[in-house]
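> Contents of start14.txt (compact mmCIF, C-alpha atoms) are given next:
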```
# COMPACT_ATOMS: atom_id res chain seq x y z
CA MET G 1 0.00 0.00 0.00
CA SER G 2 2.92 2.32 0.71
CA GLY G 3 4.04 1.98 -2.92
CA LEU G 4 0.55 2.88 -4.15
CA ASP G 5 0.40 5.80 -1.75
CA GLY G 6 3.75 7.05 -3.03
CA ALA G 7 2.65 6.76 -6.67
CA LEU G 8 -0.61 8.57 -5.87
CA ARG G 9 1.33 11.30 -4.08
CA ASP G 10 3.65 11.71 -7.08
CA ILE G 11 0.71 11.95 -9.46
CA THR G 12 -0.95 14.54 -7.22
CA ILE G 13 2.24 16.61 -7.02
CA THR G 14 2.74 16.41 -10.78
CA LYS G 15 -0.82 17.60 -11.43
CA ARG G 16 -0.41 20.48 -8.98
CA ILE G 17 2.81 21.52 -10.68
CA LYS G 18 1.08 21.47 -14.08
CA TRP G 19 -1.83 23.51 -12.77
CA GLY G 20 0.59 25.92 -11.14
CA MET G 21 2.55 26.34 -14.36
CA ALA G 22 -0.67 26.83 -16.32
CA PHE G 23 -1.74 29.53 -13.83
CA ILE G 24 1.62 31.31 -14.08
CA LEU G 25 1.56 31.17 -17.89
CA SER G 26 -1.97 32.55 -17.87
CA LEU G 27 -0.83 35.47 -15.74
CA VAL G 28 2.11 36.14 -18.05
CA PHE G 29 -0.14 35.93 -21.11
CA GLY G 30 -2.66 38.28 -19.52
CA PHE G 31 0.06 40.77 -18.60
CA PHE G 32 1.43 40.95 -22.15
CA PHE G 33 -2.07 41.06 -23.62
CA PHE G 34 -3.11 44.07 -21.54
CA GLN G 35 0.26 45.70 -22.21
CA ALA G 36 -0.39 45.30 -25.94
CA LEU G 37 -3.86 46.82 -25.59
CA ASP G 38 -2.39 49.77 -23.70
CA GLU G 39 0.35 50.20 -26.32
CA VAL G 40 -2.17 50.50 -29.18
CA GLY G 41 -4.50 52.71 -27.15
CA PHE G 42 -7.41 50.26 -27.19
CA SER G 43 -10.44 51.75 -25.48
CA LEU G 44 -14.01 50.55 -25.14
CA ALA G 45 -15.05 54.11 -24.33
CA GLU G 46 -13.78 55.25 -27.74
CA ILE G 47 -15.71 52.46 -29.47
CA LEU G 48 -18.91 53.55 -27.71
CA TYR G 49 -18.20 57.19 -28.57
CA TYR G 50 -17.85 56.51 -32.30
CA TRP G 51 -20.51 53.79 -32.47
CA PRO G 52 -23.28 56.10 -33.81
CA GLU G 53 -20.97 57.22 -36.62
CA PHE G 54 -20.15 53.58 -37.37
CA GLN G 55 -23.86 52.73 -37.54
CA THR G 56 -24.36 55.54 -40.04
CA ALA G 57 -21.51 54.17 -42.16
CA LEU G 58 -23.06 50.69 -42.02
CA GLY G 59 -26.26 52.13 -43.36
CA GLU G 60 -24.33 53.46 -46.35
CA PHE G 61 -22.41 50.22 -46.79
CA PHE G 62 -25.74 48.43 -47.13
CA PRO G 63 -28.18 50.95 -48.68
CA GLN G 64 -31.79 50.02 -48.08
CA ALA G 65 -34.61 49.79 -50.57
CA SER G 66 -38.07 48.34 -50.20
CA LEU G 67 -40.26 46.03 -52.21
CA PHE G 68 -43.77 47.43 -52.66
CA GLY G 69 -42.82 49.94 -50.00
CA VAL G 70 -43.07 47.25 -47.33
CA ILE G 71 -40.32 44.59 -47.56
CA PRO G 72 -36.81 46.05 -46.96
CA PHE G 73 -33.77 44.68 -48.78
CA VAL G 74 -30.25 45.75 -49.71
CA ASP G 75 -30.24 47.96 -52.79
CA PHE G 76 -27.86 46.02 -55.04
CA GLY G 77 -28.77 48.37 -57.86
CA SER G 78 -26.60 51.05 -56.23
CA TYR G 79 -23.67 48.67 -56.25
CA TRP G 80 -24.19 47.69 -59.88
CA GLN G 81 -24.46 51.31 -60.94
CA PHE G 82 -21.04 52.13 -59.49
CA ILE G 83 -19.54 48.89 -60.86
CA GLN G 84 -20.57 49.92 -64.36
CA GLU G 85 -19.70 53.58 -63.88
CA ARG G 86 -16.09 52.90 -62.82
CA ASN G 87 -15.65 49.67 -64.82
CA LEU G 88 -14.66 47.74 -61.72
CA PHE G 89 -14.34 44.47 -63.60
CA GLY G 90 -11.74 46.11 -65.84
CA ALA G 91 -9.87 47.29 -62.75
CA ALA G 92 -10.10 43.75 -61.35
CA ILE G 93 -8.42 42.45 -64.52
CA VAL G 94 -5.56 44.92 -63.94
CA THR G 95 -5.22 43.59 -60.40
CA LEU G 96 -5.25 40.00 -61.63
CA ALA G 97 -2.62 40.89 -64.23
CA MET G 98 -0.41 42.35 -61.50
CA GLY G 99 -0.65 39.19 -59.41
CA PHE G 100 -0.15 36.84 -62.35
CA ALA G 101 2.72 38.76 -63.95
CA GLY G 102 4.44 39.22 -60.60
CA THR G 103 4.23 35.49 -59.94
CA VAL G 104 5.67 34.59 -63.35
CA LEU G 105 8.48 37.17 -63.01
CA GLY G 106 9.41 35.75 -59.61
CA ILE G 107 9.49 32.07 -60.62
CA PRO G 108 12.99 32.03 -62.23
CA GLY G 109 14.58 33.73 -59.22
CA ALA G 110 12.62 31.55 -56.81
CA LEU G 111 13.72 28.41 -58.65
CA LEU G 112 17.36 29.51 -58.67
CA LEU G 113 17.46 30.53 -55.00
CA GLY G 114 15.32 27.57 -53.96
CA VAL G 115 17.53 24.99 -55.64
CA LEU G 116 20.83 26.54 -54.56
CA GLY G 117 19.49 27.03 -51.04
CA SER G 118 19.03 23.29 -50.58
CA GLU G 119 21.86 21.53 -48.73
CA ARG G 120 21.40 18.61 -51.12
CA VAL G 121 22.54 20.85 -53.98
CA THR G 122 24.87 23.40 -52.37
CA PRO G 123 27.12 22.14 -49.55
CA TYR G 124 26.75 23.56 -46.06
CA PRO G 125 27.41 26.37 -45.13
CA PHE G 126 27.45 27.89 -48.64
CA ASN G 127 23.76 27.11 -49.10
CA PHE G 128 22.99 29.63 -46.35
CA ILE G 129 24.08 32.42 -48.69
CA PHE G 130 21.00 31.69 -50.78
CA ARG G 131 18.80 30.90 -47.78
CA GLY G 132 19.84 34.19 -46.25
CA THR G 133 18.96 36.03 -49.45
CA MET G 134 15.48 34.50 -49.38
CA SER G 135 15.12 35.36 -45.70
CA VAL G 136 15.98 39.01 -46.38
CA ILE G 137 13.45 39.16 -49.21
CA ARG G 138 10.76 37.53 -47.08
CA ALA G 139 11.49 39.80 -44.12
CA ILE G 140 10.45 42.85 -46.17
CA PRO G 141 6.69 42.95 -46.93
CA ALA G 142 5.59 43.32 -50.53
CA LEU G 143 4.11 46.74 -49.75
CA VAL G 144 7.53 47.94 -48.61
CA TRP G 145 9.15 46.54 -51.76
CA ALA G 146 6.68 48.64 -53.75
CA LEU G 147 7.82 51.73 -51.87
CA ILE G 148 11.46 50.81 -52.53
CA TYR G 149 10.78 50.55 -56.27
CA ILE G 150 9.04 53.95 -56.50
CA PRO G 151 12.14 55.63 -58.04
CA LEU G 152 11.92 53.16 -60.94
CA GLY G 153 8.46 54.19 -62.09
CA GLY G 154 6.54 55.98 -59.38
CA VAL G 155 3.59 54.41 -57.63
CA SER G 156 2.06 52.40 -60.46
CA PRO G 157 0.99 48.88 -61.46
CA PHE G 158 4.49 48.48 -62.94
CA THR G 159 6.32 48.97 -59.63
CA ALA G 160 3.64 46.98 -57.81
CA THR G 161 4.25 44.06 -60.17
CA LEU G 162 8.00 44.29 -59.56
CA ALA G 163 7.35 44.22 -55.82
CA ILE G 164 5.16 41.13 -56.14
CA GLY G 165 7.82 39.44 -58.26
CA THR G 166 10.49 40.16 -55.66
CA ASP G 167 8.27 38.91 -52.85
CA THR G 168 7.58 35.76 -54.87
CA MET G 169 11.30 35.01 -55.11
CA GLY G 170 11.60 34.85 -51.34
CA ASN G 171 8.38 33.05 -50.46
CA LEU G 172 8.22 30.59 -53.35
CA GLY G 173 11.96 29.98 -53.24
CA ARG G 174 11.77 28.93 -49.60
CA LEU G 175 8.95 26.51 -50.39
CA PHE G 176 11.04 25.07 -53.22
CA THR G 177 13.97 24.57 -50.85
CA ASP G 178 11.83 22.76 -48.30
CA ALA G 179 10.45 20.48 -51.01
CA LEU G 180 13.95 19.59 -52.24
CA GLU G 181 15.09 18.71 -48.73
CA GLU G 182 12.51 15.90 -48.66
CA VAL G 183 13.37 14.14 -51.94
CA GLU G 184 14.27 10.43 -51.81
CA ASP G 185 17.84 9.22 -52.27
CA GLY G 186 16.97 6.30 -54.55
CA PRO G 187 16.36 8.22 -57.80
CA ILE G 188 19.42 10.40 -57.13
CA GLU G 189 21.67 7.37 -56.71
CA ALA G 190 20.19 5.79 -59.82
CA ILE G 191 21.00 8.88 -61.91
CA GLU G 192 24.51 9.08 -60.46
CA SER G 193 25.14 5.41 -61.31
CA THR G 194 24.64 6.20 -64.99
CA GLY G 195 27.62 8.57 -64.92
CA ALA G 196 25.52 11.75 -64.94
CA ASN G 197 27.22 14.99 -63.97
CA ARG G 198 26.10 17.19 -61.09
CA ARG G 199 23.73 19.33 -63.17
CA GLN G 200 22.05 16.28 -64.69
CA THR G 201 21.71 14.70 -61.25
CA VAL G 202 19.98 17.78 -59.89
CA VAL G 203 17.62 18.10 -62.86
CA PHE G 204 16.70 14.45 -63.41
CA GLY G 205 17.29 13.01 -59.95
CA MET G 206 15.94 15.79 -57.73
CA LEU G 207 13.80 18.27 -59.62
CA SER G 208 11.90 15.47 -61.35
CA GLN G 209 10.70 14.31 -57.92
CA VAL G 210 9.33 17.70 -56.90
CA PHE G 211 7.78 18.82 -60.19
CA THR G 212 4.23 18.33 -58.91
CA PRO G 213 4.84 20.08 -55.54
CA PHE G 214 6.49 22.95 -57.42
CA ILE G 215 3.36 23.51 -59.49
CA ALA G 216 1.13 23.22 -56.42
CA TRP G 217 3.20 25.75 -54.45
CA THR G 218 3.28 28.13 -57.42
CA MET G 219 -0.51 28.05 -57.64
CA TYR G 220 -0.72 28.71 -53.91
CA ILE G 221 1.60 31.72 -54.24
CA LEU G 222 -0.59 32.99 -57.10
CA GLU G 223 -3.50 33.05 -54.65
CA ILE G 224 -1.47 35.09 -52.20
CA ASN G 225 -0.17 37.43 -54.89
CA THR G 226 -3.68 38.19 -56.12
CA ARG G 227 -4.60 39.37 -52.63
CA ILE G 228 -1.34 41.32 -52.38
CA ALA G 229 -2.12 42.97 -55.73
CA VAL G 230 -5.37 44.23 -54.22
CA THR G 231 -3.55 45.74 -51.25
CA MET G 232 -1.01 47.36 -53.57
CA GLY G 233 -3.76 49.63 -54.77
CA LEU G 234 -4.16 50.97 -51.23
CA ILE G 235 -0.82 52.77 -51.64
CA GLY G 236 -1.61 53.91 -55.18
CA GLY G 237 -0.41 50.84 -57.07
CA GLY G 238 -3.40 50.82 -59.39
CA GLY G 239 -6.06 48.23 -60.03
CA ILE G 240 -9.19 47.77 -58.02
CA GLY G 241 -7.43 48.40 -54.71
CA TYR G 242 -6.73 51.98 -55.80
CA ILE G 243 -10.44 52.55 -56.47
CA LEU G 244 -11.23 51.21 -53.00
CA GLN G 245 -8.73 53.61 -51.43
CA THR G 246 -10.12 56.55 -53.42
CA GLN G 247 -13.70 55.86 -52.36
CA ARG G 248 -12.61 55.45 -48.74
CA SER G 249 -10.92 58.85 -48.78
CA LEU G 250 -14.16 60.32 -50.14
CA PHE G 251 -16.22 58.47 -47.49
CA LYS G 252 -18.34 56.92 -50.23
CA TYR G 253 -19.23 53.79 -48.28
CA THR G 254 -21.76 52.47 -50.79
CA ASN G 255 -19.15 52.64 -53.52
CA MET G 256 -16.63 51.02 -51.20
CA MET G 257 -18.96 48.09 -50.67
CA ALA G 258 -19.50 47.70 -54.40
CA THR G 259 -15.72 47.59 -54.85
CA ILE G 260 -15.33 45.08 -52.02
CA LEU G 261 -17.88 42.81 -53.69
CA VAL G 262 -15.85 42.78 -56.92
CA ILE G 263 -12.65 42.14 -54.92
CA PHE G 264 -14.43 39.26 -53.23
CA LEU G 265 -15.42 37.74 -56.58
CA LEU G 266 -11.92 38.17 -57.98
CA VAL G 267 -10.00 36.67 -55.05
CA VAL G 268 -12.37 33.79 -54.38
CA SER G 269 -12.51 32.89 -58.08
CA VAL G 270 -8.71 32.77 -58.33
CA GLU G 271 -8.46 30.73 -55.15
CA PHE G 272 -11.15 28.32 -56.28
CA VAL G 273 -9.43 27.68 -59.62
CA SER G 274 -6.07 27.34 -57.88
CA GLN G 275 -7.43 24.90 -55.32
CA ARG G 276 -9.01 22.76 -58.01
CA VAL G 277 -5.77 22.67 -60.04
CA ARG G 278 -3.75 21.75 -56.96
CA SER G 279 -6.22 19.02 -56.04
CA TYR G 280 -6.09 17.65 -59.58
CA ILE G 281 -2.31 17.43 -59.85
CA ARG G 282 -2.13 15.83 -56.40
CA GLY G 283 -4.68 13.23 -57.40
CA GLU G 284 -7.18 14.28 -54.74
CA GLU G 285 -10.82 13.47 -55.40
CA GLU G 286 -12.12 16.47 -53.51
CA GLY G 287 -10.65 19.94 -53.15
CA THR G 288 -11.50 22.83 -50.90
CA SER G 289 -15.17 23.72 -51.18
CA PHE G 290 -16.28 27.08 -52.55
CA LEU G 291 -18.19 27.72 -49.31
CA LYS G 292 -15.02 27.31 -47.23
CA LEU G 293 -13.18 29.77 -49.45
CA VAL G 294 -15.99 32.28 -48.95
CA VAL G 295 -16.04 31.88 -45.15
CA GLU G 296 -12.26 32.23 -44.78
CA PHE G 297 -11.96 35.16 -47.22
CA PRO G 298 -11.64 37.99 -44.60
CA GLN G 299 -8.82 36.25 -42.71
CA ARG G 300 -6.83 35.64 -45.88
CA MET G 301 -7.22 39.25 -47.03
CA ALA G 302 -6.01 40.47 -43.63
CA ARG G 303 -2.95 38.21 -43.73
CA SER G 304 -2.06 39.36 -47.24
CA LEU G 305 -1.31 42.88 -45.99
CA TRP G 306 2.02 41.67 -44.62
CA GLU G 307 2.74 38.54 -46.63
```
How does the structure come out when it is put into structure tokens?

Amino acid sequence: MSGLDGALRDITITKRIKWGMAFILSLVFGFFFFQALDEVGFSLAEILYYWPEFQTALGEFFPQASLFGVIPFVDFGSYWQFIQERNLFGAAIVTLAMGFAGTVLGIPGALLLGVLGSERVTPYPFNFIFRGTMSVIRAIPALVWALIYIPLGGVSPFTATLAIGTDTMGNLGRLFTDALEEVEDGPIEAIESTGANRRQTVVFGMLSQVFTPFIAWTMYILEINTRIAVTMGLIGGGGIGYILQTQRSLFKYTNMMATILVIFLLVVSVEFVSQRVRSYIRGEEEGTSFLKLVVEFPQRMARSLWE
């Protein structure tokens, strides 16, 4: 019985220690959370103060009309009128072109850095020269790259596309490197046994194994770049994001909502096509549902601001 009592006592002590550690971590988390709120000046009183103004804006975001003067509904006609007036679908095509062109421009650099950054291609520690280059590129947000490129052509779709291409080199290149690190040794040894040189071994023994993941990752980056292309317009980079920024500065909330709806259609359509292509090349029977893409749209747009 003494042995059982000792084991029970040890279990009790262990549980108390875990609960104590959980309590301490909760206090630390709470401290940093409230410090963060204080640092950004978060205030419930300010929210309550501006709430009436926010309600007014919501009313303009969703203009009301009525059917037979009785049944209220959102006046989508106001949205459609602005969409036609400013040719928002044409602006969406410009945004899509920025994301697509930036992705294509970044692929060669991403492939070069990604391959040379792999320890299986470039011996350690020399591979960290290329890994470090990708890390530097990834550490600078695409929006900042656009600001860096302003002397080349001002704030325009051209410089925004260059920024997206640069950002693609870092993000896609790192994904390429990670994929190469996981290739199997068998095909590499088989190619080497035929007397192939180093370049042939890399191309036919390594890259041949990751061809499908490369395409899948490239399609994924295209999704991200389309969202980034939208945010480029917020700093004057053109496309539909620029129209959104202009209407915001004019406090035209109805027009803003019409623009947001077109952005929604653009981004979700690109993501849906990309997801289906990725599912197809991976041999998956089912891809991500359209409904899931719609539900997760706000979170992905928020993340794209700093991707």
> Could you state the separation of CA of Gly102 (chain G) and CA of Leu152 (chain G) in Å, given to one decimal place?
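Answer for the CA of Gly102 (chain G) to CA of Leu152 (chain G) separation: 15.8 Å.
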> Which residues are near Met257 (chain G)? Cut-off 8 Å, all atoms listed in the file, ignore same chain within fewer than 6 positions. Put them as a list in words.
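Near neighbours after the sequence-gap exclusion: Phe61, Phe62 and Tyr79 of chain G.
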> Write the residues of the selection above to a file with C-alpha atoms, as a PDB file, in the coordinates of the input.

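What ended up in out.pdb:
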```
ATOM      1  CA  PHE G  61     -22.410  50.220 -46.790  1.00  0.00           C
ATOM      2  CA  PHE G  62     -25.740  48.430 -47.130  1.00  0.00           C
ATOM      3  CA  TYR G  79     -23.670  48.670 -56.250  1.00  0.00           C
TER       4      TYR G  79
END
```
> Any idea what the distance is between CA of Met219 (chain G) and CA of Arg278 (chain G)?
7.1 Å
> What residues have an atom no more than 9 Å from (13.3, 12.6, -57.3) in the file's own frame, counting all atoms listed in the file, and can you write them as a VMD selection string?
chain G and resid 180 183 to 188 202 to 211
> Keeping only C-alpha atoms, write the selected residues to a file as an mmCIF file, in the frame of the given file.

```cif
data_model
loop_
_atom_site.group_PDB
_atom_site.id
_atom_site.type_symbol
_atom_site.label_atom_id
_atom_site.label_comp_id
_atom_site.auth_asym_id
_atom_site.auth_seq_id
_atom_site.Cartn_x
_atom_site.Cartn_y
_atom_site.Cartn_z
ATOM 1 C CA LEU G 180 13.950 19.590 -52.240
ATOM 2 C CA VAL G 183 13.370 14.140 -51.940
ATOM 3 C CA GLU G 184 14.270 10.430 -51.810
ATOM 4 C CA ASP G 185 17.840 9.220 -52.270
ATOM 5 C CA GLY G 186 16.970 6.300 -54.550
ATOM 6 C CA PRO G 187 16.360 8.220 -57.800
ATOM 7 C CA ILE G 188 19.420 10.400 -57.130
ATOM 8 C CA VAL G 202 19.980 17.780 -59.890
ATOM 9 C CA VAL G 203 17.620 18.100 -62.860
ATOM 10 C CA PHE G 204 16.700 14.450 -63.410
ATOM 11 C CA GLY G 205 17.290 13.010 -59.950
ATOM 12 C CA MET G 206 15.940 15.790 -57.730
ATOM 13 C CA LEU G 207 13.800 18.270 -59.620
ATOM 14 C CA SER G 208 11.900 15.470 -61.350
ATOM 15 C CA GLN G 209 10.700 14.310 -57.920
ATOM 16 C CA VAL G 210 9.330 17.700 -56.900
ATOM 17 C CA PHE G 211 7.780 18.820 -60.190
#
```
> With a distance cut-off of 10 Å and only C-alpha atoms, select the neighbouring residues of Leu162 (chain G), excluding the residue or stretch itself and same-chain residues fewer than 6 positions from it, and output the selection as a PyMOL selection string.
chain G and resi 98+101-103+105-106+142+145-146+149+152+168
> For C-alpha atoms, I'd like the residues from the last selection saved as a PDB file, keeping the file's coordinate frame.

```
ATOM      1  CA  MET G  98      -0.410  42.350 -61.500  1.00  0.00           C
ATOM      2  CA  ALA G 101       2.720  38.760 -63.950  1.00  0.00           C
ATOM      3  CA  GLY G 102       4.440  39.220 -60.600  1.00  0.00           C
ATOM      4  CA  THR G 103       4.230  35.490 -59.940  1.00  0.00           C
ATOM      5  CA  LEU G 105       8.480  37.170 -63.010  1.00  0.00           C
ATOM      6  CA  GLY G 106       9.410  35.750 -59.610  1.00  0.00           C
ATOM      7  CA  ALA G 142       5.590  43.320 -50.530  1.00  0.00           C
ATOM      8  CA  TRP G 145       9.150  46.540 -51.760  1.00  0.00           C
ATOM      9  CA  ALA G 146       6.680  48.640 -53.750  1.00  0.00           C
ATOM     10  CA  TYR G 149      10.780  50.550 -56.270  1.00  0.00           C
ATOM     11  CA  LEU G 152      11.920  53.160 -60.940  1.00  0.00           C
ATOM     12  CA  THR G 168       7.580  35.760 -54.870  1.00  0.00           C
TER      13      THR G 168
END
```
> Identify which of the residues G:Gly238, G:Gly233, G:Pro63, G:Pro213 lies closest to Gly283 (chain G), counting only C-alpha atoms when measuring atom-to-atom distances.
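So, comparing all the options, the nearest one is G:Pro213.
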> Tell me which protein, DNA and RNA residues are within 10 Å of Asn127 (chain G), counting only C-alpha atoms, leaving out same-chain ones fewer than 4 positions away, and put them as JSON, numbers by chain.
{"G": [113, 114, 115, 116, 117, 118, 119, 120, 121, 122, 123, 131, 132]}
> Between G:Phe251, G:Glu189, G:Ile137, G:Ile260, which has the minimum distance to Glu53 (chain G) (counting only C-alpha atoms)?
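Checking each of G:Phe251, G:Glu189, G:Ile137, G:Ile260 against Glu53 (chain G), counting only C-alpha atoms, the winner is G:Phe251.
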> Residues near Gly99 (chain G), anyone? I mean within 8 Å using all atoms listed in the file, not counting same-chain ones fewer than 5 positions away, as a PyMOL selection string.
chain G and resi 161+164+222+225-229
> List as a PyMOL selection string the residues having at least one atom at most 12 Å from position (-6.8, 43.2, -56.4) as given in the file, counting all atoms listed in the file.
chain G and resi 88-100+157+160-161+222-234+236-245+259-270+301+304-305
> Which residue out of G:Phe33, G:Trp19, G:Phe42, G:Phe54 has the minimum interatomic distance to Tyr253 (chain G) when only C-alpha atoms are used?
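When distances to Tyr253 (chain G) are compared using only C-alpha atoms, the smallest one comes from G:Phe54.
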